[in-house]
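Everything below concerns the one structure shown next.
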Amino acid sequence: MADSRFFDRVGPFSLEELAHLSGAGIAPGSSPNVKLADVATLETAGPQDVVFLIERKLKDALASSKAGACILSPQLSGLAPSGMAVLIHPDPKRAFALISQAFYPQAAPRPGIAASAVVDPTARIGAGSCIEAGVVIGPHAVLGERVHVGPNAVLGRGVTVGDDSRIGPLVSLQCCDIGKRVLLHPGVAIGQDGYGFAASRDGHHVKLPQMGRVLISDDVEIGANTTIDRGASGDTVIGPHTKIDNLVQIGHNVRTGLGCGITAQVGISGSTTIGDLSLLYGQVGVADHSRIGSGVTILARSGVQGFVPDGATYMGYPAVEMREYLRLHKFLLRESRRSAANKKSTDGE
Amino acid sequence: MADSRFFDRVGPFSLEELAHLSGAGIAPGSSPNVKLADVATLETAGPQDVVFLIERKLKDALASSKAGACILSPQLSGLAPSGMAVLIHPDPKRAFALISQAFYPQAAPRPGIAASAVVDPTARIGAGSCIEAGVVIGPHAVLGERVHVGPNAVLGRGVTVGDDSRIGPLVSLQCCDIGKRVLLHPGVAIGQDGYGFAASRDGHHVKLPQMGRVLISDDVEIGANTTIDRGASGDTVIGPHTKIDNLVQIGHNVRTGLGCGITAQVGISGSTTIGDLSLLYGQVGVADHSRIGSGVTILARSGVQGFVPDGATYMGYPAVEMREYLRLHKFLLRESRRSAANKKSTDGE
Amino acid sequence: MADSRFFDRVGPFSLEELAHLSGAGIAPGSSPNVKLADVATLETAGPQDVVFLIERKLKDALASSKAGACILSPQLSGLAPSGMAVLIHPDPKRAFALISQAFYPQAAPRPGIAASAVVDPTARIGAGSCIEAGVVIGPHAVLGERVHVGPNAVLGRGVTVGDDSRIGPLVSLQCCDIGKRVLLHPGVAIGQDGYGFAASRDGHHVKLPQMGRVLISDDVEIGANTTIDRGASGDTVIGPHTKIDNLVQIGHNVRTGLGCGITAQVGISGSTTIGDLSLLYGQVGVADHSRIGSGVTILARSGVQGFVPDGATYMGYPAVEMREYLRLHKFLLRESRRSAANKKSTDGE
């Protein structure tokens with residue numbers, strides 16, 4: 001149960017209501033009228049809580065759970081203990097996410113501009129938007145409706161933010177257009193200069209002015225203290241529904257497609273493109289001008305350079321097909337052990 | 001000697017006072033009444049400065065040092081040149097740290113709330129606390145006594161901070177409880193959403209609301225721009241006396257034990273647990289749901305997944321016992337050199 | 001063409017003016033009087049735009065470009081299509097950078113102190129400086145002339161900033177001296193405590209007060225959310241013209257030389273020194289007390305420990321000469337494939 005100091009819960013909802021809002025079916029024998037009051041985990045749930053299960057290996061935890069209702073796939077729907085209501089959905093995690101959102105809806109911002117905010121008179125703020133204390137908004141910025149800007153965020157000249165977006169505290173925005181329903185966590189820095197210099201042998205490198213923008217598409221989420229540089233010329237583009245974790249670095253003129261997932265501490269160098277639905281796991285590095293296809297998975301800590309075809313799973317540094325990397329790693333372990341054993345046996349003679 | 005623009009020194013102290021406050025003994029022949037005015041390094045010290053030495057190989061530097069007093073272990077106490085006062089302590093670095101704290105004590109905050117701070121009327125601020133300019137504190141936040149909140153920090157609804165904690169400038173706190181004597185450096189972001197989505201094949205991933213908290217135990221220190229996500233359900237917990245460096249990422253529901261050390265740019269993925277007194281060196285990555293024991297050392301840049309037993313030292317990616325990694329690395333170097341030499345000799349025939 | 005919401009362009013300039021300000025020559029047959037209005041890329045340029053080319057392999061793109069003028073090296077000056085004006089410079093990228101700066105000059109700050117800024121009465125602000133909204137400047141800070149401090153930045157007690165430096169929004173400065181013409185991007189944190197403790201077996205580590213400073217030399221640029229710790233005793237020093245990218249961590253007492261390049265997410269541990277003109281690519285890690293020479297290149301994601309001689313190119317972890325690393329990698333790929341093939345053939349018998 002979420003701490004009420006931090007979270008406001010609504011409800012309860014009937015099983016029927018939850019089925020409706022999540023697109024789940026009600027299993028035979030489950031009463032549509034049973035009332036549910038919260039979401040929980042298998043271990044912590046009580047009779048008014050909804051849980052979900054996607055891994056058959058956790059069936060014992062389900063059997064002993066005191067949850068009032070469980071969301072299961074058709075294949076696993078028989079695992080629920082008797083007396084537990086069952087919702088059936090092909091993707092129980094998705095249904096659980098939707099039901100969680102119903103119990104803990106995103107509060108609409110309280111419209112208004114805090115007294116200590118400094119908003120340039122030429123900026124336009126849409127209806128229903130909330131500008132918190134200490135925010136600074138530059139000339140000609142344009143914010144849509146129901147935008148929430150957290151305390152002490154700084155929005156530079158000309159920046160735009162689409163409807164229903166939430167800009168966290170201490171975020172910095174320059175030279176960028178932010179889409180609708182975007183969520184930026186604290187400390188995100190978007191639109192500053194990329195790293196661009198004409199190197200000089202005497203060390204007096206000449207700065208290459210960075211004259212592009214950052215375009216953040218609709219429904220993007222960006223994690224705390226992540227940095228996204230604007231294009232050197234042309235734009236840095238984050239595709240719709242792309243989800244970016246904390247402390248990620250995205251260089252100038254990078255372009256990601258639809259629905260990519262980029263987890264913590266990944267670094268993507270300048271002018272790299274990434275197709276749709278690709279996943280980059282933690283601490284991956286991508287060299288500049290790389291071309292990563294769609295549906296690609298790059299496993300954690302890999303270093304990618306160049307071209308990665310659609311659908312591939314890459315690993316290692318330089319990253320290669322996962323299968324090749326694992327073969328390589330196994331070979332190395334086996335041979336080094338054999339060599340050590342031989343040496344021991346030779347030494348022993 | 002520290003720059004007086006930035007640091008306030010007190011003292012001088014007699015050798016006896018320093019011995020007393022650090023728990024050190026005074027070596028035979030050293031006068032308890034000699035006055036010391038500062039701490040220094042072997043090279044920069046003058047006759048009023050205290051130094052320490054723990055490495056025998058630096059004995060020449062000690063011999064030529066002009067320091068007024070040196071802290072040494074019993075084993076090395078004979079290395080001090082004649083005329084230099086000697087304090088004896090089994091852990092000279094610890095004694096030096098305590099003596100340094102005596103010369104440069106943490107100033108108590110100057111109580112008061114800056115005119116430009118925005119503190120919700122329902123928030124409670126303990127006696128002796130200092131809220132600097134531009135700070136924003138949300139409803140129902142509770143700060144203890146002698147808390148210092150640096151300029152432009154943002155504390156969300158319901159957040160608590162224990163006595164004597166120091167929150168740096170530009171820190172963001174949400175959905176968290178901060179213990180006593182905690183030190184948060186600039187730009188730390190605690191309690192924002194973790195990375196949690198129900199992935200969808202059409203790219204329209206559904207956000208999984210993050211309904212947990214972050215619990216920061218007493219005596220924790222957290223470095224600049226580090227990010228700690230709140231639990232998805234349940235809590236992210238940083239154990240007492242754990243020290244975290246800059247730009248570290250800690251995912252939802254991670255738990256660390258007592259007195260861990262987590263150095264710069266480490267990333268710890270969701271639901272991982274770490275025992276007591278474990279050390280993770282720079283840029284280490286830990287996969288989600290890993291189980292790292294107590295007294296573990298993970299060497300720099302390693303990638304850890306799964307289980308690491310108590311007391312182990314791991315290295316590489318995937319991380320293995322250090323001994324195995326080094327054997328592997330040596331084998332590889334030797335064989336590749338042999339292969340290159342063979343090739344050369346074959347080519348030459 | 002840069003988005004006028006974000007960028008102010010000046011000009012046009014004649015070819016002669018551009019030649020003069022960039023040090024380029026005008027090719028025979030190009031009219032010094034042709035007017036140019038902007039910079040662009042080969043693909044996007046129109047007849048009033050200046051482009052540059054340094055790679056012969058892009059000659060077709062140049063041939064079909066509609067640019068009004070192109071900067072070329074003497075070797076490639078014949079590649080321009082007829083009708084395109086040509087500027088000749090041994091380093092076309094440098095000339096292009098200078099010409100870009102001419103079209104998009106850095107605006108002088110608008111002098112003044114915002115009403116919501118909080119500047120200690122003992123701080124001194126030089127003529128022509130601009131202190132934006134929400135900035136907090138501590139006692140005895142000294143800012144030079146024409147300094148720009150972005151919104152909500154926090155400058156601690158005694159900090160100095162040299163003439164013509166630009167401090168981005170949400171930057172935190174403590175215990176540091178910032179040189180002239182320095183550019184700090186949003187969220188940079190300079191001068192906080194380094195990671196220094198006397199470790200204790202009971203986990204009650206004792207903090208070692210960090211009594212040094214950070215010295216940022218002239219003409220340094222530092223990327224968003226980068227962190228630079230002050231010296232433990234003595235100083236952390238960033239040499240002149242060194243360029244640091246986003247999310248870099250620099251530990252206490254690190255020293256870099258002249259004109260180094262340190263790209264995104266690099267971590268440099270305490271007391272390491274780096275000579276002049278060395279390059280550290282993305283996500284490199286350097287162990288403490290390392291000694292990196294001048295003219296060194298450390299390739300992306302490498303882990304460096306110890307000594308790297310002048311002029312070397314290192315790679316891998318532990319980093320070795322690039323040639324050795326690549327030999328090693330090739331050997332490993334070949335042998336593991338051979339082993340797999342053998343196994344297959346044996347299995348098949």
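By order in the structure tokens, chains are A, B, ...; within a chain, residues start at 1; ligands start at 1, following the order shown.
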*Residue hits in chain C, query chain A, radius 6 Å, only C-alpha atoms, as a list in words*: Ala2, Arg5, Phe6, Lys93, Arg94, Ala97, Gly259 and Ser336 of chain C
Go ahead and dump the residues you just picked, C-alpha atoms, as a CSV table (one decimal), in the first residue's frame.
chain,number,residue,atom,x,y,z
C,2,ALA,CA,19.1,27.9,-37.9
C,5,ARG,CA,13.3,31.3,-32.4
C,6,PHE,CA,16.6,30.2,-30.9
C,93,LYS,CA,36.8,22.8,-40.5
C,94,ARG,CA,38.5,25.5,-38.5
C,97,ALA,CA,34.0,27.2,-37.3
C,259,GLY,CA,43.8,21.5,-24.8
C,336,SER,CA,37.0,-19.5,-31.0
*asked:* With DSSP run on the backbone, what are the helix (DSSP H, G or I) residues within stretch 40-238 of chain C? I'd like them as a ChimeraX atom specification.
replied: /C:56-63,74-79,92-103
Please, could you write that set of residues out with N, CA and C atoms as a PDB file, in the first residue's frame?
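Saved the output as selection.pdb:
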ATOM      1  N   ARG C  56      37.410  13.521 -49.111  1.00  0.00           N
ATOM      2  CA  ARG C  56      37.318  13.380 -50.564  1.00  0.00           C
ATOM      3  C   ARG C  56      36.165  12.462 -50.965  1.00  0.00           C
ATOM      4  N   LYS C  57      35.843  11.507 -50.107  1.00  0.00           N
ATOM      5  CA  LYS C  57      34.799  10.544 -50.473  1.00  0.00           C
ATOM      6  C   LYS C  57      33.411  11.196 -50.577  1.00  0.00           C
ATOM      7  N   LEU C  58      33.296  12.412 -50.070  1.00  0.00           N
ATOM      8  CA  LEU C  58      32.014  13.116 -50.180  1.00  0.00           C
ATOM      9  C   LEU C  58      31.962  14.020 -51.418  1.00  0.00           C
ATOM     10  N   LYS C  59      32.853  13.801 -52.365  1.00  0.00           N
ATOM     11  CA  LYS C  59      32.956  14.727 -53.496  1.00  0.00           C
ATOM     12  C   LYS C  59      31.678  14.771 -54.340  1.00  0.00           C
ATOM     13  N   ASP C  60      30.943  13.659 -54.402  1.00  0.00           N
ATOM     14  CA  ASP C  60      29.691  13.686 -55.172  1.00  0.00           C
ATOM     15  C   ASP C  60      28.660  14.589 -54.505  1.00  0.00           C
ATOM     16  N   ALA C  61      28.630  14.532 -53.181  1.00  0.00           N
ATOM     17  CA  ALA C  61      27.697  15.412 -52.460  1.00  0.00           C
ATOM     18  C   ALA C  61      28.059  16.878 -52.714  1.00  0.00           C
ATOM     19  N   LEU C  62      29.349  17.153 -52.814  1.00  0.00           N
ATOM     20  CA  LEU C  62      29.768  18.518 -53.121  1.00  0.00           C
ATOM     21  C   LEU C  62      29.348  18.895 -54.544  1.00  0.00           C
ATOM     22  N   ALA C  63      29.550  17.969 -55.462  1.00  0.00           N
ATOM     23  CA  ALA C  63      29.248  18.252 -56.871  1.00  0.00           C
ATOM     24  C   ALA C  63      27.776  18.605 -57.056  1.00  0.00           C
ATOM     25  N   PRO C  74      43.761  23.069 -50.015  1.00  0.00           N
ATOM     26  CA  PRO C  74      44.385  23.223 -51.336  1.00  0.00           C
ATOM     27  C   PRO C  74      44.296  21.929 -52.153  1.00  0.00           C
ATOM     28  N   GLN C  75      44.433  20.781 -51.480  1.00  0.00           N
ATOM     29  CA  GLN C  75      44.419  19.498 -52.186  1.00  0.00           C
ATOM     30  C   GLN C  75      43.074  19.224 -52.855  1.00  0.00           C
ATOM     31  N   LEU C  76      42.002  19.673 -52.196  1.00  0.00           N
ATOM     32  CA  LEU C  76      40.670  19.334 -52.703  1.00  0.00           C
ATOM     33  C   LEU C  76      40.003  20.501 -53.431  1.00  0.00           C
ATOM     34  N   SER C  77      40.742  21.583 -53.629  1.00  0.00           N
ATOM     35  CA  SER C  77      40.084  22.796 -54.120  1.00  0.00           C
ATOM     36  C   SER C  77      39.519  22.630 -55.519  1.00  0.00           C
ATOM     37  N   GLY C  78      39.968  21.637 -56.231  1.00  0.00           N
ATOM     38  CA  GLY C  78      39.453  21.418 -57.585  1.00  0.00           C
ATOM     39  C   GLY C  78      38.108  20.716 -57.620  1.00  0.00           C
ATOM     40  N   LEU C  79      37.617  20.268 -56.481  1.00  0.00           N
ATOM     41  CA  LEU C  79      36.391  19.463 -56.482  1.00  0.00           C
ATOM     42  C   LEU C  79      35.117  20.285 -56.580  1.00  0.00           C
ATOM     43  N   PRO C  92      39.932  23.341 -43.281  1.00  0.00           N
ATOM     44  CA  PRO C  92      38.598  23.893 -43.627  1.00  0.00           C
ATOM     45  C   PRO C  92      37.611  23.867 -42.466  1.00  0.00           C
ATOM     46  N   LYS C  93      37.728  22.894 -41.573  1.00  0.00           N
ATOM     47  CA  LYS C  93      36.782  22.835 -40.459  1.00  0.00           C
ATOM     48  C   LYS C  93      36.982  24.027 -39.529  1.00  0.00           C
ATOM     49  N   ARG C  94      38.239  24.372 -39.305  1.00  0.00           N
ATOM     50  CA  ARG C  94      38.540  25.538 -38.476  1.00  0.00           C
ATOM     51  C   ARG C  94      37.996  26.817 -39.103  1.00  0.00           C
ATOM     52  N   ALA C  95      38.222  26.963 -40.403  1.00  0.00           N
ATOM     53  CA  ALA C  95      37.714  28.156 -41.090  1.00  0.00           C
ATOM     54  C   ALA C  95      36.188  28.198 -41.014  1.00  0.00           C
ATOM     55  N   PHE C  96      35.570  27.034 -41.177  1.00  0.00           N
ATOM     56  CA  PHE C  96      34.101  26.963 -41.105  1.00  0.00           C
ATOM     57  C   PHE C  96      33.611  27.350 -39.710  1.00  0.00           C
ATOM     58  N   ALA C  97      34.334  26.899 -38.677  1.00  0.00           N
ATOM     59  CA  ALA C  97      33.950  27.248 -37.307  1.00  0.00           C
ATOM     60  C   ALA C  97      34.024  28.762 -37.108  1.00  0.00           C
ATOM     61  N   LEU C  98      35.074  29.370 -37.607  1.00  0.00           N
ATOM     62  CA  LEU C  98      35.224  30.819 -37.450  1.00  0.00           C
ATOM     63  C   LEU C  98      34.144  31.578 -38.223  1.00  0.00           C
ATOM     64  N   ILE C  99      33.831  31.091 -39.413  1.00  0.00           N
ATOM     65  CA  ILE C  99      32.778  31.733 -40.211  1.00  0.00           C
ATOM     66  C   ILE C  99      31.411  31.542 -39.552  1.00  0.00           C
ATOM     67  N   SER C 100      31.183  30.347 -38.982  1.00  0.00           N
ATOM     68  CA  SER C 100      29.923  30.108 -38.255  1.00  0.00           C
ATOM     69  C   SER C 100      29.791  31.069 -37.087  1.00  0.00           C
ATOM     70  N   GLN C 101      30.908  31.273 -36.378  1.00  0.00           N
ATOM     71  CA  GLN C 101      30.878  32.216 -35.251  1.00  0.00           C
ATOM     72  C   GLN C 101      30.560  33.633 -35.719  1.00  0.00           C
ATOM     73  N   ALA C 102      30.989  33.962 -36.960  1.00  0.00           N
ATOM     74  CA  ALA C 102      30.710  35.303 -37.487  1.00  0.00           C
ATOM     75  C   ALA C 102      29.215  35.475 -37.769  1.00  0.00           C
ATOM     76  N   PHE C 103      28.601  34.438 -38.338  1.00  0.00           N
ATOM     77  CA  PHE C 103      27.159  34.530 -38.624  1.00  0.00           C
ATOM     78  C   PHE C 103      26.322  34.459 -37.338  1.00  0.00           C
TER      79      PHE C 103
END
*Which residues, written as a list in words, have at least one atom at most 10 Å from C:Val182, with only C-alpha atoms counted and residues fewer than 5 positions away on the same chain left out?*
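Near C:Val182, the qualifying residues are Val147, Val161, Gly162, Asp163, Asp164, Ser165, Arg166, Ile167, Ile216, Ser217, Asp218, Asp219, Val220, Glu221, Ile222, Pro240, His241, Thr242 and Lys243 of chain C.
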What would the file look like if the residues just selected were written as a compact mmCIF listing (two decimals), in the first residue's frame with all heavy atoms?
# COMPACT_ATOMS: atom_id res chain seq x y z
N VAL C 147 30.39 38.80 -17.45
CA VAL C 147 30.06 37.43 -17.07
C VAL C 147 28.55 37.24 -17.18
O VAL C 147 27.78 38.14 -16.83
CB VAL C 147 30.54 37.15 -15.62
CG1 VAL C 147 29.98 35.83 -15.11
CG2 VAL C 147 32.06 37.18 -15.56
N VAL C 161 34.97 34.22 -10.83
CA VAL C 161 34.70 33.90 -12.23
C VAL C 161 35.33 34.98 -13.08
O VAL C 161 35.11 36.18 -12.85
CB VAL C 161 33.18 33.84 -12.51
CG1 VAL C 161 32.92 33.51 -13.98
CG2 VAL C 161 32.48 32.85 -11.60
N GLY C 162 36.13 34.57 -14.08
CA GLY C 162 36.85 35.54 -14.91
C GLY C 162 35.99 36.19 -15.97
O GLY C 162 34.85 35.77 -16.24
N ASP C 163 36.55 37.20 -16.61
CA ASP C 163 35.82 37.98 -17.62
C ASP C 163 35.27 37.08 -18.73
O ASP C 163 35.92 36.13 -19.17
CB ASP C 163 36.77 38.99 -18.30
CG ASP C 163 37.29 40.03 -17.33
OD1 ASP C 163 36.72 40.19 -16.23
OD2 ASP C 163 38.31 40.69 -17.69
N ASP C 164 34.09 37.45 -19.20
CA ASP C 164 33.49 36.84 -20.40
C ASP C 164 33.14 35.37 -20.23
O ASP C 164 32.91 34.67 -21.22
CB ASP C 164 34.42 37.01 -21.61
CG ASP C 164 34.66 38.48 -21.92
OD1 ASP C 164 33.68 39.18 -22.20
OD2 ASP C 164 35.83 38.93 -21.81
N SER C 165 33.10 34.90 -19.01
CA SER C 165 32.68 33.51 -18.82
C SER C 165 31.17 33.43 -18.76
O SER C 165 30.48 34.38 -18.41
CB SER C 165 33.30 32.94 -17.54
OG SER C 165 34.67 32.66 -17.77
N ARG C 166 30.66 32.25 -19.17
CA ARG C 166 29.22 32.02 -19.16
C ARG C 166 28.92 30.81 -18.29
O ARG C 166 29.37 29.70 -18.58
CB ARG C 166 28.71 31.81 -20.58
CG ARG C 166 28.69 33.12 -21.37
CD ARG C 166 28.21 32.90 -22.79
NE ARG C 166 29.24 32.25 -23.58
CZ ARG C 166 29.02 31.44 -24.61
NH1 ARG C 166 27.78 31.16 -24.97
NH2 ARG C 166 30.02 30.91 -25.28
N ILE C 167 28.17 31.05 -17.24
CA ILE C 167 27.78 30.01 -16.29
C ILE C 167 26.34 29.64 -16.61
O ILE C 167 25.45 30.49 -16.54
CB ILE C 167 27.85 30.54 -14.84
CG1 ILE C 167 29.17 31.28 -14.58
CG2 ILE C 167 27.58 29.44 -13.84
CD1 ILE C 167 30.40 30.43 -14.75
N ILE C 216 39.74 26.20 -12.63
CA ILE C 216 39.36 26.01 -14.03
C ILE C 216 40.06 27.10 -14.83
O ILE C 216 39.82 28.29 -14.62
CB ILE C 216 37.83 26.14 -14.21
CG1 ILE C 216 37.07 25.18 -13.28
CG2 ILE C 216 37.44 25.96 -15.68
CD1 ILE C 216 37.15 23.73 -13.66
N SER C 217 40.94 26.69 -15.73
CA SER C 217 41.75 27.65 -16.49
C SER C 217 40.92 28.35 -17.57
O SER C 217 39.77 27.99 -17.82
CB SER C 217 42.93 26.93 -17.12
OG SER C 217 43.66 26.22 -16.14
N ASP C 218 41.54 29.31 -18.21
CA ASP C 218 40.86 30.07 -19.27
C ASP C 218 40.44 29.17 -20.43
O ASP C 218 41.12 28.18 -20.75
CB ASP C 218 41.81 31.14 -19.83
CG ASP C 218 42.18 32.20 -18.80
OD1 ASP C 218 41.49 32.31 -17.76
OD2 ASP C 218 43.18 32.92 -19.05
N ASP C 219 39.35 29.55 -21.07
CA ASP C 219 38.91 28.93 -22.32
C ASP C 219 38.52 27.46 -22.18
O ASP C 219 38.54 26.71 -23.17
CB ASP C 219 40.00 29.07 -23.40
CG ASP C 219 40.32 30.53 -23.67
OD1 ASP C 219 39.43 31.24 -24.16
OD2 ASP C 219 41.44 30.97 -23.35
N VAL C 220 38.16 27.07 -20.99
CA VAL C 220 37.67 25.70 -20.78
C VAL C 220 36.16 25.66 -21.07
O VAL C 220 35.46 26.65 -20.84
CB VAL C 220 37.97 25.26 -19.33
CG1 VAL C 220 37.18 24.01 -18.94
CG2 VAL C 220 39.47 25.03 -19.16
N GLU C 221 35.69 24.54 -21.59
CA GLU C 221 34.24 24.32 -21.75
C GLU C 221 33.87 23.02 -21.05
O GLU C 221 34.59 22.01 -21.18
CB GLU C 221 33.87 24.26 -23.24
CG GLU C 221 32.38 24.02 -23.45
CD GLU C 221 31.92 24.22 -24.90
OE1 GLU C 221 32.64 24.88 -25.69
OE2 GLU C 221 30.83 23.71 -25.24
N ILE C 222 32.79 23.04 -20.30
CA ILE C 222 32.40 21.86 -19.50
C ILE C 222 30.93 21.55 -19.75
O ILE C 222 30.07 22.42 -19.63
CB ILE C 222 32.66 22.12 -18.01
CG1 ILE C 222 34.15 22.41 -17.78
CG2 ILE C 222 32.22 20.91 -17.17
CD1 ILE C 222 34.53 22.68 -16.34
N PRO C 240 44.13 25.01 -19.51
CA PRO C 240 43.50 25.92 -20.46
C PRO C 240 43.06 25.21 -21.73
O PRO C 240 43.71 24.28 -22.19
CB PRO C 240 44.61 26.95 -20.76
CG PRO C 240 45.87 26.35 -20.25
CD PRO C 240 45.50 25.40 -19.17
N HIS C 241 41.93 25.67 -22.28
CA HIS C 241 41.41 25.16 -23.55
C HIS C 241 41.00 23.69 -23.48
O HIS C 241 40.73 23.09 -24.52
CB HIS C 241 42.43 25.34 -24.69
CG HIS C 241 42.69 26.76 -25.06
ND1 HIS C 241 41.89 27.46 -25.92
CD2 HIS C 241 43.65 27.64 -24.65
CE1 HIS C 241 42.36 28.70 -26.05
NE2 HIS C 241 43.42 28.84 -25.28
N THR C 242 40.97 23.11 -22.30
CA THR C 242 40.47 21.74 -22.21
C THR C 242 38.95 21.74 -22.38
O THR C 242 38.26 22.61 -21.88
CB THR C 242 40.90 21.10 -20.87
OG1 THR C 242 42.29 20.76 -20.98
CG2 THR C 242 40.09 19.85 -20.53
N LYS C 243 38.46 20.76 -23.15
CA LYS C 243 37.05 20.68 -23.48
C LYS C 243 36.49 19.39 -22.88
O LYS C 243 36.97 18.29 -23.18
CB LYS C 243 36.84 20.66 -24.99
CG LYS C 243 37.54 21.82 -25.74
CD LYS C 243 37.08 23.20 -25.28
CE LYS C 243 37.77 24.31 -26.09
NZ LYS C 243 37.47 25.65 -25.53
*Leaving out A:Ala27 and any residue of its chain fewer than 6 positions from it, which residues lie within 10 Å of it when counting only C-alpha atoms, given as a list of chain:residue names?*
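Answer for this query is A:Ile71, A:Leu72, A:Pro74, A:Ser77, A:Gly78, A:Ala85, A:Val86, A:Leu87, A:Ile88, A:His89.
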